[in-house]
>>> print(open('input-v5.cif').read())   # mmCIF, C-alpha atoms
data_query
loop_
_atom_site.label_atom_id
_atom_site.label_comp_id
_atom_site.auth_asym_id
_atom_site.auth_seq_id
_atom_site.Cartn_x
_atom_site.Cartn_y
_atom_site.Cartn_z
CA MET A 1 95.04 87.18 115.22
CA ARG A 2 96.53 89.54 112.77
CA GLY A 3 96.81 88.30 109.22
CA ARG A 4 95.96 89.17 105.69
CA GLN A 5 93.48 91.93 105.47
CA THR A 6 91.22 93.24 102.75
CA SER A 7 90.60 96.85 101.97
CA GLN A 8 87.21 96.44 103.64
CA PHE A 9 89.00 95.71 106.87
CA TYR A 10 91.02 98.91 106.68
CA LYS A 11 87.97 100.97 105.79
CA HIS A 12 86.19 99.49 108.76
CA VAL A 13 89.13 100.12 111.04
CA LEU A 14 89.42 103.74 110.00
CA ALA A 15 85.68 104.31 110.31
CA ARG A 16 85.78 103.10 113.88
CA LYS A 17 88.02 106.00 114.90
CA THR A 18 89.13 104.36 118.09
CA PRO A 19 90.34 107.04 120.47
CA LEU A 20 94.09 107.09 121.00
CA THR A 21 93.81 106.07 124.62
CA GLN A 22 91.84 102.96 123.80
CA ARG A 23 93.99 101.68 121.03
CA LEU A 24 95.41 98.36 121.92
CA PHE A 25 97.46 98.32 118.84
CA ALA A 26 100.95 99.70 118.48
CA VAL A 27 104.04 99.27 116.37
CA ASN A 28 106.92 97.86 118.37
CA MET A 29 110.40 96.60 117.68
CA LYS A 30 110.48 92.98 116.68
CA LEU A 31 113.44 90.70 117.14
CA LEU A 32 113.71 90.18 113.41
CA THR A 33 114.61 93.86 113.13
CA HIS A 34 116.82 93.79 116.22
CA ASN A 35 118.81 90.99 114.61
CA MET A 36 120.05 93.43 111.99
CA LEU A 37 120.86 96.47 114.14
CA THR A 38 124.46 97.34 114.95
CA SER A 39 126.25 100.11 116.77
CA ARG A 40 128.48 102.28 114.62
CA VAL A 41 129.91 104.46 117.34
CA LYS A 42 133.35 105.74 116.33
CA GLY A 43 136.12 103.35 117.17
CA VAL A 44 133.87 100.41 117.82
CA MET A 45 135.08 97.29 116.06
CA LYS A 46 132.16 95.03 116.69
CA GLY A 47 128.98 96.74 117.78
CA TYR A 48 126.93 93.57 117.53
CA PRO A 49 124.77 92.12 118.84
CA LEU A 50 123.12 94.93 120.71
CA LEU A 51 122.09 93.94 124.21
CA ILE A 52 118.44 94.49 124.85
CA LYS A 53 117.43 96.13 128.09
CA ALA A 54 113.67 96.16 127.88
CA THR A 55 111.32 97.76 130.34
CA GLU A 56 108.19 96.93 128.38
CA VAL A 57 107.72 93.83 126.29
CA LYS A 58 104.62 92.55 124.58
CA VAL A 59 103.74 89.29 122.87
CA ASN A 60 101.32 89.55 119.98
CA ASP A 61 99.34 87.12 117.95
CA VAL A 62 100.56 87.16 114.36
CA GLU A 63 99.47 84.84 111.60
CA PHE A 64 102.02 82.11 111.00
CA ASN A 65 103.54 82.28 107.55
CA PRO A 66 105.94 79.33 107.19
CA GLN A 67 107.27 80.53 103.81
CA PHE A 68 108.35 83.78 105.33
CA VAL A 69 110.01 82.15 108.32
CA ILE A 70 111.89 79.70 106.10
CA ARG A 71 113.12 82.59 103.99
CA MET A 72 114.23 84.60 107.00
CA ILE A 73 116.23 81.90 108.79
CA PRO A 74 119.31 82.04 106.51
CA LYS A 75 119.46 85.82 106.99
CA LEU A 76 119.61 85.57 110.76
CA GLU A 77 122.51 85.62 113.14
CA TRP A 78 121.12 82.70 115.05
CA SER A 79 123.05 83.09 118.28
CA ALA A 80 122.12 86.77 118.43
CA LEU A 81 118.46 85.85 118.09
CA VAL A 82 118.67 83.29 120.87
CA GLN A 83 120.52 85.75 123.08
CA ALA A 84 117.92 88.44 122.45
CA ALA A 85 115.04 86.08 123.21
CA GLU A 86 116.83 85.02 126.35
CA GLU A 87 117.34 88.63 127.46
CA LEU A 88 113.61 89.15 127.17
CA GLY A 89 112.80 85.97 129.00
CA GLN A 90 111.08 84.70 125.88
CA ARG A 91 113.43 82.03 124.68
CA GLN A 92 111.26 79.08 125.67
CA ASP A 93 112.35 76.03 123.67
CA LEU A 94 114.40 77.79 121.05
CA PRO A 95 117.50 75.65 120.41
CA GLY A 96 121.00 77.09 120.64
CA GLU A 97 121.68 75.99 117.10
CA LEU A 98 119.66 75.63 113.96
CA VAL A 99 118.11 72.20 113.61
CA PRO A 100 118.93 70.37 110.38
CA GLN A 101 116.17 70.27 107.75
CA TYR A 102 114.25 72.96 109.61
CA GLU A 103 112.10 73.60 106.52
CA LYS A 104 110.10 70.52 107.37
CA ASP A 105 109.92 71.01 111.10
CA GLU A 106 106.71 72.94 111.72
CA GLU A 107 107.11 72.99 115.47
CA PHE A 108 110.50 74.57 115.13
CA LEU A 109 109.29 77.07 112.55
CA LYS A 110 106.48 78.12 114.85
CA ARG A 111 108.96 78.76 117.65
CA VAL A 112 111.06 80.87 115.32
CA HIS A 113 107.97 82.72 114.11
CA ARG A 114 107.10 83.54 117.67
CA VAL A 115 110.40 85.12 118.60
CA LEU A 116 110.88 86.86 115.27
CA LEU A 117 107.48 88.46 114.87
CA GLU A 118 105.38 88.07 118.00
CA VAL A 119 107.72 89.19 120.76
CA GLU A 120 107.97 92.97 120.72
CA VAL A 121 109.87 95.57 122.68
CA MET A 122 107.92 98.72 123.44
CA GLU A 123 110.29 100.55 125.78
CA GLY A 124 113.87 100.11 126.80
CA CYS A 125 117.21 100.48 125.13
CA LEU A 126 119.78 98.69 123.02
CA GLN A 127 123.31 98.68 124.35
CA CYS A 128 126.46 98.53 122.28
CA PRO A 129 128.43 95.55 123.61
CA GLU A 130 131.74 97.32 123.10
CA SER A 131 131.24 100.97 123.99
CA GLY A 132 128.30 100.59 126.34
CA ARG A 133 126.47 103.33 124.50
CA GLU A 134 122.74 103.00 124.89
CA PHE A 135 120.33 103.55 122.03
CA PRO A 136 116.86 104.23 123.38
CA ILE A 137 113.74 102.44 122.24
CA SER A 138 110.77 104.63 122.83
CA ARG A 139 107.22 103.74 121.82
CA GLY A 140 108.59 100.87 119.86
CA ILE A 141 111.10 102.79 117.74
CA PRO A 142 114.82 102.27 118.30
CA ASN A 143 116.78 105.49 117.85
CA MET A 144 120.14 104.67 116.29
CA LEU A 145 121.16 108.28 115.65
CA LEU A 146 124.70 109.09 116.73
CA ASN A 147 125.88 112.35 118.25
CA GLU A 148 128.41 114.42 116.31
CA ASP A 149 131.31 113.21 118.39
CA GLU A 150 130.38 109.59 117.90
CA VAL A 151 130.45 109.57 114.13
CA MET B 1 93.46 93.87 97.08
CA LYS B 2 92.84 95.74 93.87
CA LEU B 3 94.79 98.77 92.74
CA LYS B 4 91.91 101.17 93.26
CA GLU B 5 91.27 99.79 96.72
CA LEU B 6 94.91 100.20 97.67
CA GLU B 7 94.93 103.77 96.45
CA CYS B 8 91.75 104.48 98.36
CA CYS B 9 93.31 103.15 101.58
CA LEU B 10 96.52 105.10 101.07
CA GLN B 11 94.55 108.30 100.67
CA GLN B 12 93.73 107.93 104.34
CA VAL B 13 97.36 107.99 105.39
CA ASP B 14 98.21 111.12 107.37
CA VAL B 15 101.06 113.14 105.93
CA PHE B 16 103.61 115.65 107.19
CA GLU B 17 102.11 118.38 109.30
CA LYS B 18 105.07 120.71 108.94
CA PRO B 19 107.33 119.37 106.20
CA LYS B 20 111.00 120.17 106.77
CA ILE B 21 112.54 121.63 103.66
CA LEU B 22 116.09 120.69 104.54
CA LEU B 23 115.09 117.05 104.76
CA GLU B 24 113.11 117.37 101.54
CA GLN B 25 109.98 116.05 103.14
CA TYR B 26 107.04 115.55 100.88
CA PRO B 27 104.58 112.70 100.83
CA THR B 28 104.48 110.22 97.99
CA SER B 29 101.08 110.72 96.40
CA PRO B 30 98.67 107.87 97.15
CA HIS B 31 98.16 107.39 93.44
CA ILE B 32 101.82 106.98 92.60
CA ALA B 33 102.43 104.89 95.68
CA ALA B 34 99.56 102.57 94.84
CA CYS B 35 100.61 102.18 91.20
CA MET B 36 104.18 101.57 92.16
CA LEU B 37 103.46 99.03 94.89
CA TYR B 38 100.82 97.26 92.90
CA THR B 39 103.20 96.82 89.99
CA ILE B 40 105.99 95.61 92.26
CA GLN B 41 103.76 92.91 93.65
CA SER B 42 101.62 91.86 90.69
CA THR B 43 104.38 91.87 88.10
CA PHE B 44 107.43 91.01 90.15
CA ASP B 45 106.02 89.34 93.24
CA ASP B 46 108.47 91.32 95.38
CA ILE B 47 106.28 92.31 98.30
CA GLU B 48 104.08 89.49 99.52
CA SER B 49 105.81 87.41 102.19
CA LYS B 50 109.04 89.30 101.65
CA LEU B 51 111.24 91.31 103.97
CA VAL B 52 110.94 94.86 102.67
CA ALA B 53 112.81 98.03 103.59
CA ASP B 54 111.58 101.58 102.99
CA LEU B 55 114.49 104.03 103.12
CA GLY B 56 113.50 107.56 104.04
CA CYS B 57 110.03 106.31 104.87
CA GLY B 58 108.68 109.63 106.14
CA CYS B 59 105.05 109.24 107.13
CA GLY B 60 104.99 105.75 105.75
CA VAL B 61 102.83 105.80 102.64
CA LEU B 62 105.00 103.23 100.84
CA SER B 63 105.53 101.07 103.92
CA ILE B 64 101.89 100.99 104.83
CA GLY B 65 101.02 100.10 101.26
CA ALA B 66 103.58 97.30 101.31
CA ALA B 67 102.18 96.03 104.59
CA MET B 68 98.68 96.05 103.12
CA LEU B 69 99.98 93.99 100.23
CA ASP B 70 101.06 91.40 102.79
CA ALA B 71 104.78 91.98 103.07
CA GLY B 72 106.16 89.54 105.64
CA LEU B 73 107.61 92.56 107.41
CA CYS B 74 108.28 96.07 106.16
CA VAL B 75 110.92 98.09 108.02
CA GLY B 76 110.85 101.86 107.59
CA PHE B 77 114.00 103.90 108.13
CA ASP B 78 113.94 107.66 108.69
CA ILE B 79 115.95 110.31 110.50
CA ASP B 80 113.14 112.56 111.64
CA ASN B 81 111.27 112.15 114.92
CA ASP B 82 108.20 114.03 113.77
CA ALA B 83 107.80 111.99 110.61
CA LEU B 84 108.20 108.73 112.51
CA GLU B 85 105.63 109.89 115.02
CA ILE B 86 103.10 110.40 112.23
CA PHE B 87 104.08 107.06 110.71
CA ARG B 88 103.51 105.34 114.01
CA ARG B 89 100.14 106.96 114.36
CA ASN B 90 99.22 105.85 110.87
CA ALA B 91 100.22 102.27 111.62
CA GLU B 92 98.11 102.32 114.75
CA GLU B 93 95.11 103.75 112.92
CA PHE B 94 95.29 101.05 110.29
CA GLU B 95 96.10 98.40 112.89
CA ILE B 96 98.99 97.10 110.87
CA SER B 97 101.27 94.58 112.52
CA ASN B 98 103.83 93.76 109.84
CA LEU B 99 105.72 97.02 110.21
CA ASP B 100 108.79 98.08 112.12
CA LEU B 101 110.41 101.49 112.34
CA VAL B 102 114.03 102.45 112.88
CA GLN B 103 115.29 105.96 113.44
CA CYS B 104 118.68 106.46 111.85
CA ASP B 105 120.70 108.55 109.42
CA MET B 106 120.96 106.82 106.05
CA CYS B 107 124.14 108.76 105.32
CA SER B 108 126.04 107.42 108.28
CA LEU B 109 124.49 104.00 108.14
CA ASP B 110 126.88 101.12 107.78
CA SER B 111 125.02 99.45 104.97
CA ASP B 112 127.29 96.42 105.12
CA ALA B 113 125.67 95.51 108.40
CA TYR B 114 122.45 95.08 106.44
CA LYS B 115 124.05 93.47 103.42
CA LYS B 116 121.47 91.57 101.40
CA LYS B 117 119.23 91.21 104.43
CA PHE B 118 116.16 92.59 102.72
CA ASP B 119 114.46 90.88 99.81
CA THR B 120 113.25 94.19 98.43
CA VAL B 121 113.91 97.86 99.02
CA ILE B 122 111.29 100.42 98.06
CA MET B 123 111.80 104.13 98.36
CA ASN B 124 111.08 107.66 97.34
CA PRO B 125 114.44 109.16 98.35
CA PRO B 126 115.33 112.82 98.76
CA PHE B 127 116.92 114.09 95.56
CA GLY B 128 119.46 116.33 97.18
CA THR B 129 119.42 120.08 96.98
CA LYS B 130 122.38 122.31 96.32
CA HIS B 131 123.37 121.83 99.93
CA ASN B 132 123.45 118.07 99.88
CA GLN B 133 123.90 117.04 96.31
CA GLY B 134 123.82 113.46 95.35
CA MET B 135 121.60 112.41 98.18
CA ASP B 136 119.52 110.25 95.88
CA MET B 137 122.61 108.41 94.74
CA LYS B 138 123.68 107.80 98.31
CA PHE B 139 120.31 106.33 99.10
CA LEU B 140 120.46 104.24 95.97
CA ARG B 141 123.89 102.89 96.78
CA THR B 142 122.79 101.96 100.29
CA ALA B 143 119.61 100.41 99.01
CA LEU B 144 121.51 98.24 96.57
CA THR B 145 123.70 96.94 99.36
CA MET B 146 120.75 96.15 101.58
CA ALA B 147 118.62 94.43 98.97
CA LYS B 148 118.97 90.85 97.94
CA THR B 149 116.62 90.87 94.97
CA ALA B 150 115.56 94.32 93.83
CA VAL B 151 115.38 98.01 94.59
CA TYR B 152 112.40 100.07 93.47
CA SER B 153 112.95 103.77 93.55
CA LEU B 154 111.45 107.01 92.34
CA HIS B 155 113.71 109.58 90.70
CA LYS B 156 113.65 112.75 88.70
CA THR B 157 113.43 112.23 84.96
CA SER B 158 116.34 114.58 84.48
CA THR B 159 118.61 112.20 86.38
CA ARG B 160 117.76 109.13 84.36
CA GLU B 161 120.93 108.98 82.30
CA HIS B 162 123.10 109.64 85.29
CA ILE B 163 121.49 106.84 87.24
CA GLN B 164 121.76 104.49 84.28
CA LYS B 165 125.45 105.19 84.07
CA LYS B 166 125.91 104.61 87.78
CA ALA B 167 123.94 101.41 87.55
CA ASN B 168 126.33 100.21 84.87
CA ASP B 169 129.31 101.12 87.02
CA TRP B 170 127.86 99.19 89.91
CA GLY B 171 127.09 96.14 87.81
CA VAL B 172 123.39 96.53 88.35
CA LYS B 173 120.65 96.16 85.81
CA MET B 174 118.21 99.02 85.72
CA GLU B 175 114.78 98.70 84.28
CA LEU B 176 112.55 101.65 83.76
CA ILE B 177 109.09 100.75 84.90
CA ALA B 178 107.23 103.89 84.00
CA GLY B 179 107.16 104.11 80.26
CA LYS B 180 107.16 100.42 79.47
CA ASN B 181 104.32 98.83 77.51
CA TYR B 182 101.93 97.41 80.09
CA ARG B 183 102.96 100.25 82.28
CA VAL B 184 102.25 102.86 79.63
CA ASN B 185 99.23 103.54 81.74
CA LEU B 186 101.39 104.35 84.70
CA SER B 187 103.62 106.76 82.83
CA ARG B 188 100.61 108.45 81.27
CA GLN B 189 99.15 108.91 84.70
CA LEU B 190 102.43 110.25 85.99
CA LYS B 191 102.58 112.76 83.14
CA HIS B 192 99.05 113.75 83.82
CA LEU B 193 99.97 114.51 87.40
CA ASN B 194 102.64 116.80 86.04
CA THR B 195 105.20 115.53 88.43
CA ASP B 196 108.55 116.43 87.07
CA TYR B 197 109.91 114.06 89.55
CA THR B 198 109.30 110.57 88.52
CA PHE B 199 110.52 107.87 86.55
CA PHE B 200 110.15 104.73 88.48
CA ALA B 201 113.07 102.42 88.26
CA GLU B 202 113.64 98.88 89.24
CA LEU B 203 117.22 97.92 89.88
CA ARG B 204 118.34 94.41 90.38
CA TYR B 205 121.55 92.49 90.28
CA ASP B 206 122.22 90.59 87.13
CA LEU B 207 122.47 87.08 88.41
CA PRO B 208 124.70 84.65 86.54
CA ALA B 209 122.86 81.75 84.93
CA SER B 210 123.85 79.21 87.53
CA TYR B 211 121.97 81.12 90.22
CA LYS B 212 118.78 81.54 88.27
CA PHE B 213 116.86 79.50 90.76
CA HIS B 214 117.41 82.31 93.25
CA LYS B 215 115.35 84.56 91.05
CA LYS B 216 112.68 85.49 93.52
CA LYS B 217 109.64 83.34 92.68
CA SER B 218 108.43 82.30 96.10
CA VAL B 219 109.13 78.81 97.28
CA SER B 220 105.95 76.79 97.11
#
>>> encode(input="input-v5.cif", output="structure tokens")
Amino acid sequence: MRGRQTSQFYKHVLARKTPLTQRLFAVNMKLLTHNMLTSRVKGVMKGYPLLIKATEVKVNDVEFNPQFVIRMIPKLEWSALVQAAEELGQRQDLPGELVPQYEKDEEFLKRVHRVLLEVEVMEGCLQCPESGREFPISRGIPNMLLNEDEV
Amino acid sequence: MKLKELECCLQQVDVFEKPKILLEQYPTSPHIAACMLYTIQSTFDDIESKLVADLGCGCGVLSIGAAMLDAGLCVGFDIDNDALEIFRRNAEEFEISNLDLVQCDMCSLDSDAYKKKFDTVIMNPPFGTKHNQGMDMKFLRTALTMAKTAVYSLHKTSTREHIQKKANDWGVKMELIAGKNYRVNLSRQLKHLNTDYTFFAELRYDLPASYKFHKKKSVS
């Protein structure tokens, strides 16, 4: 379970010098980030939400921080989040609409926490819903750079 | 985590192997990064459990520091493959989970798509050379669109007045962090490092009185 760490933890981690091949840990695109990404290919009116075509998905264990989840919910495009979770086969019991008074619903918040921060895309691509242009995700990093003719 | 501990950790962050001059790549010194981040959190409470963006993140010194200070999630944005590769490696080495990386061009970013999505933006932006003047202002403008609460940014002392003027034009309140009383220490340290390049500014929207409750103190 990943959570708050002290400097001792980081010192210990660095001292271990785990070889690259054995590292289980990696940075990968979370759905919280995906929820914000849009396609700005020239001529596209609505490049959102980006369809996720994932070839490698991972589910992590991340410490549940209800304050953070409550703060994030108003920033989200809810239907885009549900759609993304669905595309990854990770929707589970996530409702199609926000439940009222979600601040007090811990079960709900935990479900949101899971899709926002624990489900991660390692490899695949994001597709613009209008132009079909694919933005690759490689080793967890989505590449949103446009070619000269697309700007 | 204490300031000295944070600085010590950040000293372990790998930096650019072959910095690209055209992209103005240089690492933020661990000392400045630690002071800056520590102030942002301890004085303003703008990192812990917040959604943070690092524009022009490079190898990730600021982002990794923010993650270590328990940002809910810190998203680093950068254009360069090589820098992001080093950043990723750093994140793996430190086993940090609350980080995400996006490769994009801040200049052609549609910042409205990110409007007020991030609680806080932190950055050490490129200043712009004679070939791409005003790059720092572009970054600043984008950052201000993306941030809901505050933008913390490092700039050249020589541009202070210019940025102040722009801040006024944009209806944004700018507070100089380096050089203020409790932070006299910080500015002294910055002078000592002989970096011509910093004053450290905090920019935030002046909220009308009726919205004061939105002023950032975390919901308990």
>>> interface_residues(input="input-v5.cif", of="chain A", to="chain B", cutoff="8 Å", atoms="all atoms listed in the file", output="ChimeraX atom specification")
/A:2,4-7,10-11,13-14,17-18,23,25-30,33,36-38,40,62,65,67-68,72,75,140-145,151
>>> write_last_selection(input="input-v5.cif", atoms="C-alpha atoms", output="mmCIF file, keeping the file's coordinate frame")
data_model
loop_
_atom_site.group_PDB
_atom_site.id
_atom_site.type_symbol
_atom_site.label_atom_id
_atom_site.label_comp_id
_atom_site.auth_asym_id
_atom_site.auth_seq_id
_atom_site.Cartn_x
_atom_site.Cartn_y
_atom_site.Cartn_z
ATOM 1 C CA ARG A 2 96.530 89.540 112.770
ATOM 2 C CA ARG A 4 95.960 89.170 105.690
ATOM 3 C CA GLN A 5 93.480 91.930 105.470
ATOM 4 C CA THR A 6 91.220 93.240 102.750
ATOM 5 C CA SER A 7 90.600 96.850 101.970
ATOM 6 C CA TYR A 10 91.020 98.910 106.680
ATOM 7 C CA LYS A 11 87.970 100.970 105.790
ATOM 8 C CA VAL A 13 89.130 100.120 111.040
ATOM 9 C CA LEU A 14 89.420 103.740 110.000
ATOM 10 C CA LYS A 17 88.020 106.000 114.900
ATOM 11 C CA THR A 18 89.130 104.360 118.090
ATOM 12 C CA ARG A 23 93.990 101.680 121.030
ATOM 13 C CA PHE A 25 97.460 98.320 118.840
ATOM 14 C CA ALA A 26 100.950 99.700 118.480
ATOM 15 C CA VAL A 27 104.040 99.270 116.370
ATOM 16 C CA ASN A 28 106.920 97.860 118.370
ATOM 17 C CA MET A 29 110.400 96.600 117.680
ATOM 18 C CA LYS A 30 110.480 92.980 116.680
ATOM 19 C CA THR A 33 114.610 93.860 113.130
ATOM 20 C CA MET A 36 120.050 93.430 111.990
ATOM 21 C CA LEU A 37 120.860 96.470 114.140
ATOM 22 C CA THR A 38 124.460 97.340 114.950
ATOM 23 C CA ARG A 40 128.480 102.280 114.620
ATOM 24 C CA VAL A 62 100.560 87.160 114.360
ATOM 25 C CA ASN A 65 103.540 82.280 107.550
ATOM 26 C CA GLN A 67 107.270 80.530 103.810
ATOM 27 C CA PHE A 68 108.350 83.780 105.330
ATOM 28 C CA MET A 72 114.230 84.600 107.000
ATOM 29 C CA LYS A 75 119.460 85.820 106.990
ATOM 30 C CA GLY A 140 108.590 100.870 119.860
ATOM 31 C CA ILE A 141 111.100 102.790 117.740
ATOM 32 C CA PRO A 142 114.820 102.270 118.300
ATOM 33 C CA ASN A 143 116.780 105.490 117.850
ATOM 34 C CA MET A 144 120.140 104.670 116.290
ATOM 35 C CA LEU A 145 121.160 108.280 115.650
ATOM 36 C CA VAL A 151 130.450 109.570 114.130
#
>>> closest_residue(input="input-v5.cif", among="A:Ser138, A:Ser79, A:Gln101, A:Asn60", to="A:Glu120", atoms="all atoms listed in the file")
A:Asn60
>>> atom_distance(input="input-v5.cif", atom1="atom CA of B:Pro126", atom2="atom CA of B:Lys138")
9.8 Å
>>> residues_around(input="input-v5.cif", residues="B:Ser111", least_positions_apart="4", cutoff="7 Å", atoms="all atoms listed in the file", output="NGL selection string")
:B and (115 or 142 or 145-146)
>>> residues_around(input="input-v5.cif", residues="A:Pro49", least_positions_apart="3", cutoff="9 Å", atoms="all atoms listed in the file", output="PDB file with C-alpha atoms, in the coordinates of the input")
ATOM      1  CA  HIS A  34     116.820  93.790 116.220  1.00  0.00           C
ATOM      2  CA  ASN A  35     118.810  90.990 114.610  1.00  0.00           C
ATOM      3  CA  MET A  36     120.050  93.430 111.990  1.00  0.00           C
ATOM      4  CA  LEU A  37     120.860  96.470 114.140  1.00  0.00           C
ATOM      5  CA  THR A  38     124.460  97.340 114.950  1.00  0.00           C
ATOM      6  CA  SER A  39     126.250 100.110 116.770  1.00  0.00           C
ATOM      7  CA  LYS A  46     132.160  95.030 116.690  1.00  0.00           C
ATOM      8  CA  GLU A  77     122.510  85.620 113.140  1.00  0.00           C
ATOM      9  CA  ALA A  80     122.120  86.770 118.430  1.00  0.00           C
ATOM     10  CA  LEU A  81     118.460  85.850 118.090  1.00  0.00           C
ATOM     11  CA  GLN A  83     120.520  85.750 123.080  1.00  0.00           C
ATOM     12  CA  ALA A  84     117.920  88.440 122.450  1.00  0.00           C
ATOM     13  CA  GLN A 127     123.310  98.680 124.350  1.00  0.00           C
ATOM     14  CA  CYS A 128     126.460  98.530 122.280  1.00  0.00           C
ATOM     15  CA  PRO A 129     128.430  95.550 123.610  1.00  0.00           C
TER      16      PRO A 129
END
>>> atom_distance(input="input-v5.cif", atom1="atom CA of B:Ser42", atom2="atom CA of B:Gly58")
24.6 Å
>>> atom_distance(input="input-v5.cif", atom1="atom CA of B:Leu37", atom2="atom CA of B:Ile163")
21.1 Å
